[in-house]
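For reference, run-v2.pdb is printed below; it contains PDB, C-alpha atoms.
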```pdb
ATOM      1  CA  MET A   1      -5.143  22.344   9.055
ATOM      2  CA  ILE A   2      -6.769  19.422   7.241
ATOM      3  CA  ALA A   3     -10.041  20.626   5.710
ATOM      4  CA  ASN A   4     -12.234  17.523   6.220
ATOM      5  CA  VAL A   5     -11.305  16.763   9.828
ATOM      6  CA  GLN A   6     -14.134  17.283  12.309
ATOM      7  CA  LYS A   7     -13.494  18.733  15.756
ATOM      8  CA  LYS A   8     -15.957  16.262  17.292
ATOM      9  CA  ASN A   9     -14.689  12.704  17.619
ATOM     10  CA  ASP A  10     -17.231  10.385  15.986
ATOM     11  CA  PHE A  11     -14.890   7.386  15.724
ATOM     12  CA  PRO A  12     -16.429   4.277  17.350
ATOM     13  CA  LYS A  13     -15.521   3.594  20.970
ATOM     14  CA  ASP A  14     -15.158  -0.201  20.658
ATOM     15  CA  MET A  15     -12.646  -2.124  18.559
ATOM     16  CA  GLU A  16     -15.086  -4.185  16.463
ATOM     17  CA  SER A  17     -17.075  -1.104  15.460
ATOM     18  CA  ALA A  18     -13.841   0.765  14.705
ATOM     19  CA  ILE A  19     -12.736  -1.940  12.266
ATOM     20  CA  ARG A  20     -16.196  -1.935  10.657
ATOM     21  CA  HIS A  21     -16.008   1.876  10.404
ATOM     22  CA  VAL A  22     -12.696   1.693   8.495
ATOM     23  CA  PHE A  23     -14.068  -0.914   6.064
ATOM     24  CA  ASN A  24     -17.171   1.206   5.478
ATOM     25  CA  ALA A  25     -15.007   4.269   4.828
ATOM     26  CA  GLU A  26     -13.316   2.318   2.035
ATOM     27  CA  LEU A  27     -16.482   0.801   0.611
ATOM     28  CA  LEU A  28     -18.632   3.928   0.717
ATOM     29  CA  ASP A  29     -15.966   6.191  -0.760
ATOM     30  CA  GLN A  30     -17.117   7.454  -4.147
ATOM     31  CA  ARG A  31     -14.222   7.120  -6.552
ATOM     32  CA  GLU A  32     -14.289   8.841  -9.911
ATOM     33  CA  SER A  33     -12.946   5.718 -11.554
ATOM     34  CA  CYS A  34     -11.573   2.340 -10.534
ATOM     35  CA  TYR A  35      -8.878   0.353 -12.261
ATOM     36  CA  LEU A  36      -7.706  -3.213 -11.784
ATOM     37  CA  ASP A  37      -4.158  -4.081 -12.700
ATOM     38  CA  THR A  38      -3.098  -7.357 -14.251
ATOM     39  CA  ASP A  39       0.384  -8.813 -14.016
ATOM     40  CA  HIS A  40       0.582 -11.089 -17.051
ATOM     41  CA  LEU A  41       3.565 -12.850 -15.518
ATOM     42  CA  LEU A  42       1.115 -14.394 -13.054
ATOM     43  CA  GLU A  43      -0.574 -16.206 -15.947
ATOM     44  CA  LYS A  44       2.761 -17.688 -17.018
ATOM     45  CA  CYS A  45       4.079 -18.790 -13.640
ATOM     46  CA  GLN A  46       3.192 -21.813 -11.536
ATOM     47  CA  TYR A  47       1.401 -19.782  -8.848
ATOM     48  CA  LYS A  48      -2.183 -18.675  -9.250
ATOM     49  CA  ASN A  49      -2.654 -16.843  -5.959
ATOM     50  CA  LYS A  50      -1.790 -13.119  -6.134
ATOM     51  CA  THR A  51      -0.307 -13.105  -2.642
ATOM     52  CA  ASP A  52       1.771 -16.284  -2.979
ATOM     53  CA  SER A  53       3.799 -15.763  -6.117
ATOM     54  CA  ILE A  54       6.734 -14.060  -7.722
ATOM     55  CA  ALA A  55       4.297 -11.947  -9.671
ATOM     56  CA  TRP A  56       4.020  -8.242  -8.811
ATOM     57  CA  PHE A  57       7.657  -8.063  -7.731
ATOM     58  CA  ASN A  58      10.710  -6.511  -9.377
ATOM     59  CA  PRO A  59      12.644  -9.230 -11.211
ATOM     60  CA  TYR A  60      15.906  -7.309 -10.966
ATOM     61  CA  TRP A  61      18.145  -6.250  -8.124
ATOM     62  CA  VAL A  62      21.110  -3.891  -8.103
ATOM     63  CA  GLN A  63      24.518  -5.345  -7.331
ATOM     64  CA  CYS A  64      26.895  -2.718  -6.005
ATOM     65  CA  ASP A  65      30.612  -2.920  -5.281
ATOM     66  CA  LYS A  66      31.391  -2.525  -1.531
ATOM     67  CA  TYR A  67      34.084   0.067  -2.205
ATOM     68  CA  ALA A  68      31.731   2.085  -4.431
ATOM     69  CA  LYS A  69      29.156   2.342  -1.627
ATOM     70  CA  GLN A  70      31.709   4.219   0.465
ATOM     71  CA  HIS A  71      32.576   6.611  -2.372
ATOM     72  CA  SER A  72      29.360   7.918  -3.922
ATOM     73  CA  LYS A  73      31.172   9.398  -6.965
ATOM     74  CA  LEU A  74      32.104   5.879  -8.055
ATOM     75  CA  LEU A  75      28.698   4.367  -7.329
ATOM     76  CA  HIS A  76      27.272   4.747 -10.834
ATOM     77  CA  ARG A  77      30.292   2.938 -12.332
ATOM     78  CA  LYS A  78      30.040  -0.084 -10.044
ATOM     79  CA  MET A  79      26.300  -0.826 -10.201
ATOM     80  CA  ARG A  80      24.962  -3.762 -12.193
ATOM     81  CA  MET A  81      21.403  -4.933 -12.655
ATOM     82  CA  LYS A  82      21.085  -8.646 -11.906
ATOM     83  CA  LEU A  83      18.136 -10.904 -12.650
ATOM     84  CA  ARG A  84      16.746 -12.646  -9.575
ATOM     85  CA  PRO A  85      17.057 -16.457  -9.897
ATOM     86  CA  GLU A  86      13.283 -16.973  -9.561
ATOM     87  CA  TYR A  87      12.797 -15.107 -12.852
ATOM     88  CA  ALA A  88      15.451 -16.938 -14.884
ATOM     89  CA  SER A  89      12.914 -19.132 -16.690
ATOM     90  CA  PHE A  90      11.088 -16.121 -18.208
ATOM     91  CA  ASN A  91      11.909 -14.335 -21.444
ATOM     92  CA  LYS A  92      13.163 -10.754 -21.150
ATOM     93  CA  GLU A  93      10.088  -9.468 -23.005
ATOM     94  CA  ASP A  94       7.857 -11.130 -20.381
ATOM     95  CA  LEU A  95       9.633  -9.040 -17.726
ATOM     96  CA  ASP A  96       9.309  -5.741 -19.600
ATOM     97  CA  PRO A  97       6.987  -3.651 -17.355
ATOM     98  CA  PHE A  98       5.328  -2.009 -20.379
ATOM     99  CA  LYS A  99       4.208  -5.422 -21.640
ATOM    100  CA  ARG A 100       3.946  -7.186 -18.299
ATOM    101  CA  PHE A 101       1.271  -4.981 -16.681
ATOM    102  CA  THR A 102      -2.064  -3.718 -17.956
ATOM    103  CA  SER A 103      -4.900  -1.825 -16.301
ATOM    104  CA  ARG A 104      -8.583  -1.875 -17.106
ATOM    105  CA  LYS A 105     -11.377   0.358 -15.939
ATOM    106  CA  VAL A 106     -14.006  -1.468 -13.870
ATOM    107  CA  THR A 107     -17.073  -0.660 -11.824
ATOM    108  CA  GLN A 108     -16.666   0.118  -8.141
ATOM    109  CA  GLU A 109     -18.335  -3.207  -7.283
ATOM    110  CA  GLU A 110     -15.846  -5.189  -9.400
ATOM    111  CA  TYR A 111     -12.951  -3.254  -7.887
ATOM    112  CA  TYR A 112     -13.891  -3.967  -4.271
ATOM    113  CA  PHE A 113     -14.806  -7.574  -5.006
ATOM    114  CA  ASP A 114     -11.353  -8.105  -6.490
ATOM    115  CA  ILE A 115      -9.258  -6.293  -3.878
ATOM    116  CA  PHE A 116     -11.120  -7.672  -0.868
ATOM    117  CA  ASN A 117     -10.509 -11.197  -2.149
ATOM    118  CA  ILE A 118      -6.817 -10.661  -1.423
ATOM    119  CA  GLU A 119      -6.114 -11.727   2.164
ATOM    120  CA  GLY A 120      -3.455  -9.048   2.701
ATOM    121  CA  ILE A 121      -5.868  -6.238   1.819
ATOM    122  CA  ILE A 122      -8.462  -7.455   4.309
ATOM    123  CA  LEU A 123      -5.877  -7.866   7.070
ATOM    124  CA  GLY A 124      -4.314  -4.480   6.262
ATOM    125  CA  THR A 125      -7.657  -2.692   6.439
ATOM    126  CA  ALA A 126      -8.524  -4.388   9.740
ATOM    127  CA  TYR A 127      -5.075  -3.482  11.088
ATOM    128  CA  GLU A 128      -5.669   0.128  10.024
ATOM    129  CA  GLY A 129      -8.836   0.157  12.146
ATOM    130  CA  ILE A 130      -7.027  -1.310  15.158
ATOM    131  CA  VAL A 131      -4.170   1.204  14.943
ATOM    132  CA  ALA A 132      -6.564   4.132  14.440
ATOM    133  CA  PHE A 133      -8.643   3.036  17.430
ATOM    134  CA  HIS A 134      -5.564   2.787  19.636
ATOM    135  CA  ALA A 135      -4.091   6.118  18.501
ATOM    136  CA  ILE A 136      -7.338   8.095  18.784
ATOM    137  CA  TYR A 137      -8.089   6.940  22.322
ATOM    138  CA  ASN A 138      -4.626   6.292  23.802
ATOM    139  CA  GLU A 139      -1.873   8.345  22.167
ATOM    140  CA  ALA A 140      -0.715  11.957  22.084
ATOM    141  CA  CYS A 141       0.267  13.785  18.906
ATOM    142  CA  LEU A 142       3.999  13.442  18.268
ATOM    143  CA  SER A 143       4.215  17.065  17.093
ATOM    144  CA  CYS A 144       2.197  19.101  19.605
ATOM    145  CA  LYS A 145       1.996  16.466  22.400
ATOM    146  CA  MET A 146      -1.769  17.038  22.854
ATOM    147  CA  ARG A 147      -3.856  14.076  24.017
ATOM    148  CA  LYS A 148      -7.295  13.245  22.662
ATOM    149  CA  SER A 149      -6.442  15.359  19.623
ATOM    150  CA  PHE A 150      -6.605  12.701  16.910
ATOM    151  CA  ARG A 151      -9.524  12.332  14.530
ATOM    152  CA  TRP A 152     -10.202   9.731  11.877
ATOM    153  CA  ASN A 153      -9.573  11.161   8.431
ATOM    154  CA  GLY A 154      -9.269   7.904   6.510
ATOM    155  CA  GLY A 155     -10.695   6.411   3.399
ATOM    156  CA  SER A 156      -9.258   6.092  -0.072
ATOM    157  CA  GLY A 157      -9.641   9.848  -0.642
ATOM    158  CA  SER A 158      -7.053  10.686   2.013
ATOM    159  CA  SER A 159      -4.095   8.422   1.358
ATOM    160  CA  TRP A 160      -1.428   8.496   4.055
ATOM    161  CA  LYS A 161      -3.529  10.887   6.144
ATOM    162  CA  ASP A 162      -5.752   8.432   8.029
ATOM    163  CA  ILE A 163      -5.357  10.126  11.403
ATOM    164  CA  ALA A 164      -5.084  13.893  11.850
ATOM    165  CA  CYS A 165      -4.429  16.128  14.856
ATOM    166  CA  ILE A 166      -7.083  18.815  15.250
ATOM    167  CA  TYR A 167      -4.650  21.144  17.076
ATOM    168  CA  CYS A 168      -1.537  21.241  14.895
ATOM    169  CA  GLY A 169      -2.716  19.588  11.662
ATOM    170  CA  SER A 170      -0.174  16.742  11.707
ATOM    171  CA  THR A 171      -1.285  13.679   9.804
ATOM    172  CA  TYR A 172      -0.402  10.031  10.246
ATOM    173  CA  GLY A 173      -0.854   7.271   7.676
TER     174      GLY A 173
END
```
Before we go any further, please render this structure as structure tokens.
Amino acid sequence: MIANVQKKNDFPKDMESAIRHVFNAELLDQRESCYLDTDHLLEKCQYKNKTDSIAWFNPYWVQCDKYAKQHSKLLHRKMRMKLRPEYASFNKEDLDPFKRFTSRKVTQEEYYFDIFNIEGIILGTAYEGIVAFHAIYNEACLSCKMRKSFRWNGGSGSSWKDIACIYCGSTYG
């Protein structure tokens, strides 16, 4: 059983309040430390928006021989790392992950200001509230089949365990 899950359902009963509740769970969570990551490739490429660029992505892909896929013993012999065309204009040292990325410790305020300025994070958090609202009030647990058994367990301290069943302990992310 999940330790922090309450038997009583205190999740809001309307959608707008549910979304607000999920945002507050993120914002009020006391983290020991916060780090912001920097992809230095972003500074060198033509895009300046974190969500609309080639930055943050893997510049390589694995090319595999069709025959080797069918025979797993040969797979390691027929795999080749290929550079994606979008990254061809960069030097290899710019693509080295040990040089490409850095992290710096920041205050909680700086952390949330930075991540909530990314459109995808805001939409993802709102979507999390919508899904949690729907599951808590409309769905049965996939494991024990009990209805009205879900409780909100979310926040950054419970990654991939946002919804928990109070009967069987199953968690959903």
- request: Just say which residues the PyMOL selection byres ((chain A and resi 129-144) around 8) picks in this file, as an NGL selection string.
  value: :A and (11-15 or 18-22 or 125-128 or 145-152 or 162-163 or 165 or 167-168 or 170)
message: Here is a test: counting all atoms listed in the file, which residue of A:Lys7, A:Arg31, A:Arg104, A:Lys44 is nearest to Asn91 of chain A?
response: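 The answer is A:Lys44, which sits nearest to Asn91 of chain A.
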- prompt: With all atoms listed in the file as the atoms that count, which of A:Gly173, A:Val106, A:Ile118, A:Trp160 lies nearest to Glu32 of chain A?
  reply: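 Comparing A:Gly173, A:Val106, A:Ile118, A:Trp160 against Glu32 of chain A, the winner is A:Val106.
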task: For atom CA of His40 of chain A and atom CA of Ser89 of chain A, determine how far apart the two atoms are, in Å to one decimal place.
output: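 Going from atom CA of His40 of chain A over to atom CA of Ser89 of chain A, I get 14.7 Å.
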- prompt: Which value, in Å to one decimal, gives the distance between atom CA of Ser159 of chain A and atom CA of Ser33 of chain A?
  reply: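 Atom-to-atom, atom CA of Ser159 of chain A to atom CA of Ser33 of chain A, that is 15.9 Å.
Interatomic distance, atom CA of Tyr35 of chain A to atom CA of Gly120 of chain A: 18.5 Å.
Shortest separation to Leu28 of chain A among A:Tyr172, A:Gln108, A:Gln63, A:Ile115 occurs at residue A:Gln108, atoms counted being all atoms listed in the file.
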Near Tyr60 of chain A, within 12 Å and counting only C-alpha atoms, which residues show up once chain neighbours fewer than 6 positions away are dropped, as a PDB file with C-alpha atoms, in the frame of the given file?
```pdb
ATOM      1  CA  ILE A  54       6.734 -14.060  -7.722  1.00  0.00           C
ATOM      2  CA  ARG A  80      24.962  -3.762 -12.193  1.00  0.00           C
ATOM      3  CA  MET A  81      21.403  -4.933 -12.655  1.00  0.00           C
ATOM      4  CA  LYS A  82      21.085  -8.646 -11.906  1.00  0.00           C
ATOM      5  CA  LEU A  83      18.136 -10.904 -12.650  1.00  0.00           C
ATOM      6  CA  ARG A  84      16.746 -12.646  -9.575  1.00  0.00           C
ATOM      7  CA  PRO A  85      17.057 -16.457  -9.897  1.00  0.00           C
ATOM      8  CA  GLU A  86      13.283 -16.973  -9.561  1.00  0.00           C
ATOM      9  CA  TYR A  87      12.797 -15.107 -12.852  1.00  0.00           C
ATOM     10  CA  ALA A  88      15.451 -16.938 -14.884  1.00  0.00           C
ATOM     11  CA  LYS A  92      13.163 -10.754 -21.150  1.00  0.00           C
ATOM     12  CA  LEU A  95       9.633  -9.040 -17.726  1.00  0.00           C
ATOM     13  CA  ASP A  96       9.309  -5.741 -19.600  1.00  0.00           C
ATOM     14  CA  PRO A  97       6.987  -3.651 -17.355  1.00  0.00           C
TER      15      PRO A  97
END
```
- prompt: Using only C-alpha atoms, which residue out of A:Phe116, A:Met79, A:Thr171, A:Asp94 lies closest to Glu26 of chain A?
  reply: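 Checking each of A:Phe116, A:Met79, A:Thr171, A:Asp94 against Glu26 of chain A, counting only C-alpha atoms, the winner is A:Phe116.
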